[in-house]
>>> print(open('final_26.pdb').read())   # PDB, C-alpha atoms
ATOM      1  CA  MET Y   1      -0.037 -18.476  22.807
ATOM      2  CA  ALA Y   2      -2.073 -15.868  20.901
ATOM      3  CA  GLN Y   3       0.388 -13.160  21.981
ATOM      4  CA  LEU Y   4       3.268 -15.264  20.638
ATOM      5  CA  ASP Y   5       1.495 -15.680  17.274
ATOM      6  CA  THR Y   6       0.817 -11.932  17.101
ATOM      7  CA  ALA Y   7       4.436 -11.142  17.960
ATOM      8  CA  SER Y   8       5.694 -13.627  15.345
ATOM      9  CA  LEU Y   9       3.420 -12.065  12.719
ATOM     10  CA  ALA Y  10       4.620  -8.552  13.576
ATOM     11  CA  ILE Y  11       8.252  -9.671  13.356
ATOM     12  CA  ALA Y  12       7.645 -11.312   9.966
ATOM     13  CA  GLU Y  13       5.971  -8.115   8.740
ATOM     14  CA  LEU Y  14       8.848  -6.024  10.087
ATOM     15  CA  ARG Y  15      11.310  -8.221   8.190
ATOM     16  CA  GLU Y  16       9.242  -7.934   5.020
ATOM     17  CA  PHE Y  17       9.158  -4.138   5.343
ATOM     18  CA  ALA Y  18      12.938  -4.080   5.870
ATOM     19  CA  GLU Y  19      13.392  -5.817   2.483
ATOM     20  CA  PHE Y  20      11.720  -2.945   0.606
ATOM     21  CA  ASP Y  21      14.035  -0.292  -0.768
ATOM     22  CA  PRO Y  22      14.197   3.040   1.115
ATOM     23  CA  ALA Y  23      11.937   4.849  -1.385
ATOM     24  CA  GLU Y  24       9.262   2.167  -0.974
ATOM     25  CA  GLN Y  25       9.568   2.300   2.819
ATOM     26  CA  ARG Y  26       9.213   6.078   2.799
ATOM     27  CA  TYR Y  27       6.227   5.961   0.443
ATOM     28  CA  ILE Y  28       4.481   3.291   2.540
ATOM     29  CA  ARG Y  29       4.943   5.283   5.763
ATOM     30  CA  ARG Y  30       3.767   8.446   4.014
ATOM     31  CA  GLY Y  31       0.780   6.605   2.531
ATOM     32  CA  LEU Y  32      -0.200   5.279   5.934
ATOM     33  CA  ASP Y  33       0.034   8.779   7.425
ATOM     34  CA  ILE Y  34      -2.315  10.053   4.719
ATOM     35  CA  GLY Y  35      -4.642   7.063   4.462
ATOM     36  CA  LEU Y  36      -5.031   6.469   8.178
ATOM     37  CA  ALA Y  37      -4.947  10.192   9.065
ATOM     38  CA  ARG Y  38      -2.027   9.608  11.437
ATOM     39  CA  ALA Y  39      -0.183  12.881  10.857
ATOM     40  CA  ASP Y  40       0.080  16.010   8.734
ATOM     41  CA  ALA Y  41       1.764  14.403   5.737
ATOM     42  CA  LEU Y  42       2.737  17.695   4.106
ATOM     43  CA  ALA Y  43       4.523  18.909   7.218
ATOM     44  CA  ARG Y  44       6.157  15.557   7.866
ATOM     45  CA  TRP Y  45       7.135  14.343   4.397
ATOM     46  CA  ALA Y  46       7.436  17.240   1.936
ATOM     47  CA  ARG Y  47      11.118  17.983   1.293
ATOM     48  CA  ASP Y  48      10.537  20.232  -1.715
ATOM     49  CA  PRO Y  49       7.695  21.654  -3.858
ATOM     50  CA  ASP Y  50       7.609  18.589  -6.127
ATOM     51  CA  GLU Y  51       7.154  16.258  -3.182
ATOM     52  CA  ALA Y  52       4.485  18.561  -1.728
ATOM     53  CA  ALA Y  53       2.607  18.330  -5.039
ATOM     54  CA  SER Y  54       2.971  14.539  -4.965
ATOM     55  CA  ILE Y  55       1.564  14.427  -1.426
ATOM     56  CA  ARG Y  56      -1.386  16.594  -2.465
ATOM     57  CA  ARG Y  57      -2.130  14.202  -5.366
ATOM     58  CA  GLN Y  58      -1.944  11.265  -2.982
ATOM     59  CA  MET Y  59      -4.266  12.996  -0.491
ATOM     60  CA  LEU Y  60      -6.771  13.619  -3.259
ATOM     61  CA  ALA Y  61      -6.585  10.021  -4.512
ATOM     62  CA  TYR Y  62      -6.856   8.602  -0.987
ATOM     63  CA  GLN Y  63     -10.229  10.280  -0.511
ATOM     64  CA  GLN Y  64     -11.547   7.069  -2.121
ATOM     65  CA  LEU Y  65     -10.337   4.948   0.813
ATOM     66  CA  ARG Y  66     -13.422   5.454   2.985
ATOM     67  CA  THR Y  67     -15.704   4.397   0.125
ATOM     68  CA  LEU Y  68     -13.512   1.411  -0.714
ATOM     69  CA  ARG Y  69     -13.467   0.215   2.907
ATOM     70  CA  THR Y  70     -17.248   0.033   2.991
ATOM     71  CA  ALA Y  71     -17.773  -1.238  -0.559
ATOM     72  CA  LEU Y  72     -15.993  -4.592  -0.563
ATOM     73  CA  PRO Y  73     -17.857  -6.851  -3.001
ATOM     74  CA  ASP Y  74     -19.290 -10.197  -2.022
ATOM     75  CA  MET Y  75     -16.865 -12.899  -3.147
ATOM     76  CA  ARG Y  76     -19.582 -15.314  -4.294
ATOM     77  CA  SER Y  77     -22.005 -13.053  -6.118
ATOM     78  CA  GLY Y  78     -19.595 -10.393  -7.293
ATOM     79  CA  GLU Y  79     -22.184  -7.796  -6.347
ATOM     80  CA  LYS Y  80     -20.670  -4.287  -6.327
ATOM     81  CA  MET Y  81     -17.536  -5.628  -8.025
ATOM     82  CA  GLU Y  82     -17.453  -3.218 -10.989
ATOM     83  CA  ARG Y  83     -17.647  -0.094  -8.874
ATOM     84  CA  PHE Y  84     -15.208  -1.418  -6.273
ATOM     85  CA  MET Y  85     -12.594  -2.688  -8.748
ATOM     86  CA  GLY Y  86     -12.811   0.463 -10.850
ATOM     87  CA  ARG Y  87     -12.054   2.612  -7.816
ATOM     88  CA  LEU Y  88      -9.360   0.257  -6.525
ATOM     89  CA  ILE Y  89      -7.627   0.152  -9.916
ATOM     90  CA  ALA Y  90      -7.778   3.958 -10.233
ATOM     91  CA  LEU Y  91      -6.249   4.355  -6.766
ATOM     92  CA  THR Y  92      -3.604   1.758  -7.574
ATOM     93  CA  VAL Y  93      -2.680   3.595 -10.790
ATOM     94  CA  ALA Y  94      -2.291   6.828  -8.822
ATOM     95  CA  ASP Y  95       0.153   5.146  -6.434
ATOM     96  CA  LEU Y  96       2.078   3.283  -9.138
ATOM     97  CA  CYS Y  97       2.443   6.462 -11.227
ATOM     98  CA  GLU Y  98       4.300   8.104  -8.336
ATOM     99  CA  GLY Y  99       7.155   5.692  -9.072
ATOM    100  CA  CYS Y 100       7.902   4.643  -5.504
ATOM    101  CA  ILE Y 101       6.133   1.281  -5.387
ATOM    102  CA  ASN Y 102       8.350  -1.096  -7.356
ATOM    103  CA  GLY Y 103       6.526  -4.377  -6.959
ATOM    104  CA  PHE Y 104       3.508  -6.291  -5.780
ATOM    105  CA  ALA Y 105       4.896  -7.033  -2.304
ATOM    106  CA  ALA Y 106       5.199  -3.344  -1.363
ATOM    107  CA  TYR Y 107       1.799  -2.599  -2.922
ATOM    108  CA  ARG Y 108       0.131  -5.429  -1.005
ATOM    109  CA  PHE Y 109       1.857  -4.375   2.208
ATOM    110  CA  LEU Y 110       0.504  -0.819   1.887
ATOM    111  CA  TYR Y 111      -2.998  -1.666   0.719
ATOM    112  CA  GLU Y 112      -3.758  -4.366   3.253
ATOM    113  CA  ARG Y 113      -3.025  -1.753   5.930
ATOM    114  CA  LEU Y 114      -5.009   0.989   4.197
ATOM    115  CA  LEU Y 115      -8.054  -1.174   3.448
ATOM    116  CA  GLY Y 116      -7.860  -4.118   5.846
ATOM    117  CA  PRO Y 117      -7.288  -7.844   5.356
ATOM    118  CA  GLU Y 118     -10.614  -8.301   3.538
ATOM    119  CA  VAL Y 119      -9.122  -6.600   0.444
ATOM    120  CA  ARG Y 120      -6.392  -9.222  -0.046
ATOM    121  CA  PRO Y 121      -8.299 -11.347  -2.627
ATOM    122  CA  TRP Y 122      -8.792  -8.266  -4.825
ATOM    123  CA  LEU Y 123      -5.222  -6.941  -4.753
ATOM    124  CA  PRO Y 124      -3.570  -9.190  -7.382
ATOM    125  CA  ALA Y 125      -6.209  -8.318 -10.001
ATOM    126  CA  ALA Y 126      -6.119  -4.592  -9.210
ATOM    127  CA  PHE Y 127      -2.307  -4.528  -9.286
ATOM    128  CA  CYS Y 128      -2.086  -6.404 -12.603
ATOM    129  CA  ALA Y 129      -4.816  -4.292 -14.188
ATOM    130  CA  ALA Y 130      -3.261  -1.013 -13.041
ATOM    131  CA  SER Y 131       0.251  -2.116 -14.022
ATOM    132  CA  ALA Y 132      -0.922  -2.941 -17.546
ATOM    133  CA  LEU Y 133      -2.588   0.426 -18.185
ATOM    134  CA  PRO Y 134      -1.011   2.926 -20.590
ATOM    135  CA  GLN Y 135      -0.387   5.442 -17.778
ATOM    136  CA  ILE Y 136       2.503   3.194 -16.741
ATOM    137  CA  VAL Y 137       5.491   3.461 -19.089
ATOM    138  CA  PRO Y 138       6.308   0.150 -20.847
ATOM    139  CA  GLU Y 139       9.641  -0.471 -19.068
ATOM    140  CA  ARG Y 140       8.053   0.070 -15.653
ATOM    141  CA  ARG Y 141       4.981  -1.944 -16.673
ATOM    142  CA  LYS Y 142       7.238  -4.933 -17.359
ATOM    143  CA  VAL Y 143       8.992  -4.643 -13.974
ATOM    144  CA  LEU Y 144       5.701  -4.314 -12.094
ATOM    145  CA  LEU Y 145       4.009  -7.229 -13.844
ATOM    146  CA  HIS Y 146       7.050  -9.460 -13.310
ATOM    147  CA  SER Y 147       7.024  -8.654  -9.594
ATOM    148  CA  ILE Y 148       3.867 -10.632  -8.830
ATOM    149  CA  SER Y 149       4.546 -14.282  -8.180
ATOM    150  CA  GLU Y 150       2.388 -17.086  -9.473
ATOM    151  CA  ALA Y 151       1.589 -17.968  -5.864
ATOM    152  CA  ALA Y 152       0.266 -14.455  -5.191
ATOM    153  CA  ALA Y 153      -1.675 -14.300  -8.443
ATOM    154  CA  CYS Y 154      -3.244 -17.754  -8.043
ATOM    155  CA  ALA Y 155      -3.620 -18.050  -4.268
ATOM    156  CA  PRO Y 156      -6.351 -20.520  -3.304
ATOM    157  CA  GLY Y 157      -7.214 -18.476  -0.210
ATOM    158  CA  TRP Y 158      -6.279 -15.418   1.796
ATOM    159  CA  SER Y 159      -5.729 -14.766   5.471
ATOM    160  CA  LYS Y 160      -8.265 -12.601   7.273
ATOM    161  CA  ARG Y 161      -5.729 -11.749   9.977
ATOM    162  CA  ARG Y 162      -5.157  -8.026  10.466
ATOM    163  CA  PRO Y 163      -1.619  -6.757   9.918
ATOM    164  CA  GLY Y 164       0.372  -6.467  13.120
ATOM    165  CA  PHE Y 165       3.021  -3.957  12.058
ATOM    166  CA  TYR Y 166       2.264  -0.445  10.820
ATOM    167  CA  PRO Y 167       5.515   1.381  10.008
ATOM    168  CA  ASP Y 168       5.644   4.980  11.144
ATOM    169  CA  TRP Y 169       7.832   8.081  10.871
ATOM    170  CA  ILE Y 170      11.327   7.715  12.280
ATOM    171  CA  GLU Y 171      13.190  10.824  13.346
ATOM    172  CA  ASP Y 172      16.634  11.157  11.822
ATOM    173  CA  GLN Y 173      18.919  10.599  14.766
ATOM    174  CA  SER Y 174      22.141  10.350  12.793
ATOM    175  CA  ALA Y 175      23.110  13.874  13.881
ATOM    176  CA  GLU Y 176      23.032  12.716  17.505
ATOM    177  CA  ILE Y 177      25.438   9.826  16.998
ATOM    178  CA  HIS Y 178      28.954  10.698  18.138
TER     179      HIS Y 178
END
>>> encode(input="final_26.pdb", output="structure tokens")
Amino acid sequence: MAQLDTASLAIAELREFAEFDPAEQRYIRRGLDIGLARADALARWARDPDEAASIRRQMLAYQQLRTLRTALPDMRSGEKMERFMGRLIALTVADLCEGCINGFAAYRFLYERLLGPEVRPWLPAAFCAASALPQIVPERRKVLLHSISEAAACAPGWSKRRPGFYPDWIEDQSAEIH
């Protein structure tokens, strides 16, 4: 039965990922390569000098991931919250400024894989705070802030279940189709 639940979760996550636009999907896969040290992101993802520069910025920002993973604040006391939230918001701003994450769902999908399920309670606040900062242009700010549902912003609880689907690089096989 546990295998069936895990398979159902992975399928639901696969469907959710499929609903993201191609730029979001690409950015999530790239982010996972960088954040989880799965592959050489520059070699795999850089299509031009601008994208290489973007990947370098993301690599630099993602150096905070190790610290964030070990610094989750206690939910009851809020101990370590300032330092944790400051770093999480700064990392979120870096990702949102790249322009490839267009809403809370894609952000949550990426960050719960980068940081683990324990970060879920902190994601709505970090996303809203980062989206409202002046680094985000007003038109984009509006789109981002409207993308978080009331249910996500006011959730009474969060699952501690680890994600079951981690999207990865897909080779372009269109040239092989006859």
>>> resolve_selection(input="final_26.pdb", expression="the PyMOL selection byres ((chain Y and resi 34-40) around 8)", output="PyMOL selection string")
chain Y and resi 30-33+41-44+58-59+62+65+114
>>> resolve_selection(input="final_26.pdb", expression="the PyMOL selection byres ((chain Y and resi 106) around 10)", output="list in words")
Glu16, Phe17, Glu19, Phe20, Asp21, Glu24, Gln25, Tyr27, Ile28, Cys100, Ile101, Asn102, Gly103, Phe104, Ala105, Tyr107, Arg108, Phe109, Leu110, Tyr111 and Ser147 of chain Y
>>> residues_near_point(input="final_26.pdb", point="(5.5, 8.7, -9.5)", cutoff="12 Å", atoms="only C-alpha atoms", output="list of chain:residue names")
Y:Ala23, Y:Glu24, Y:Tyr27, Y:Asp50, Y:Glu51, Y:Ala53, Y:Ser54, Y:Ile55, Y:Arg57, Y:Gln58, Y:Thr92, Y:Val93, Y:Ala94, Y:Asp95, Y:Leu96, Y:Cys97, Y:Glu98, Y:Gly99, Y:Cys100, Y:Ile101, Y:Asn102, Y:Gln135, Y:Ile136, Y:Val137, Y:Arg140
>>> residues_around(input="final_26.pdb", residues="Trp122 (chain Y)", least_positions_apart="4", cutoff="9 Å", atoms="only C-alpha atoms", output="list in words")
Met85, Leu88, Glu118, Ala126 and Phe127 of chain Y
>>> atom_distance(input="final_26.pdb", atom1="CA of Ala61 (chain Y)", atom2="CA of Ala90 (chain Y)")
8.4 Å
>>> closest_residue(input="final_26.pdb", among="Y:Leu60, Y:Ile11, Y:Cys128, Y:Cys154", to="Lys142 (chain Y)", atoms="all atoms listed in the file")
Y:Cys128
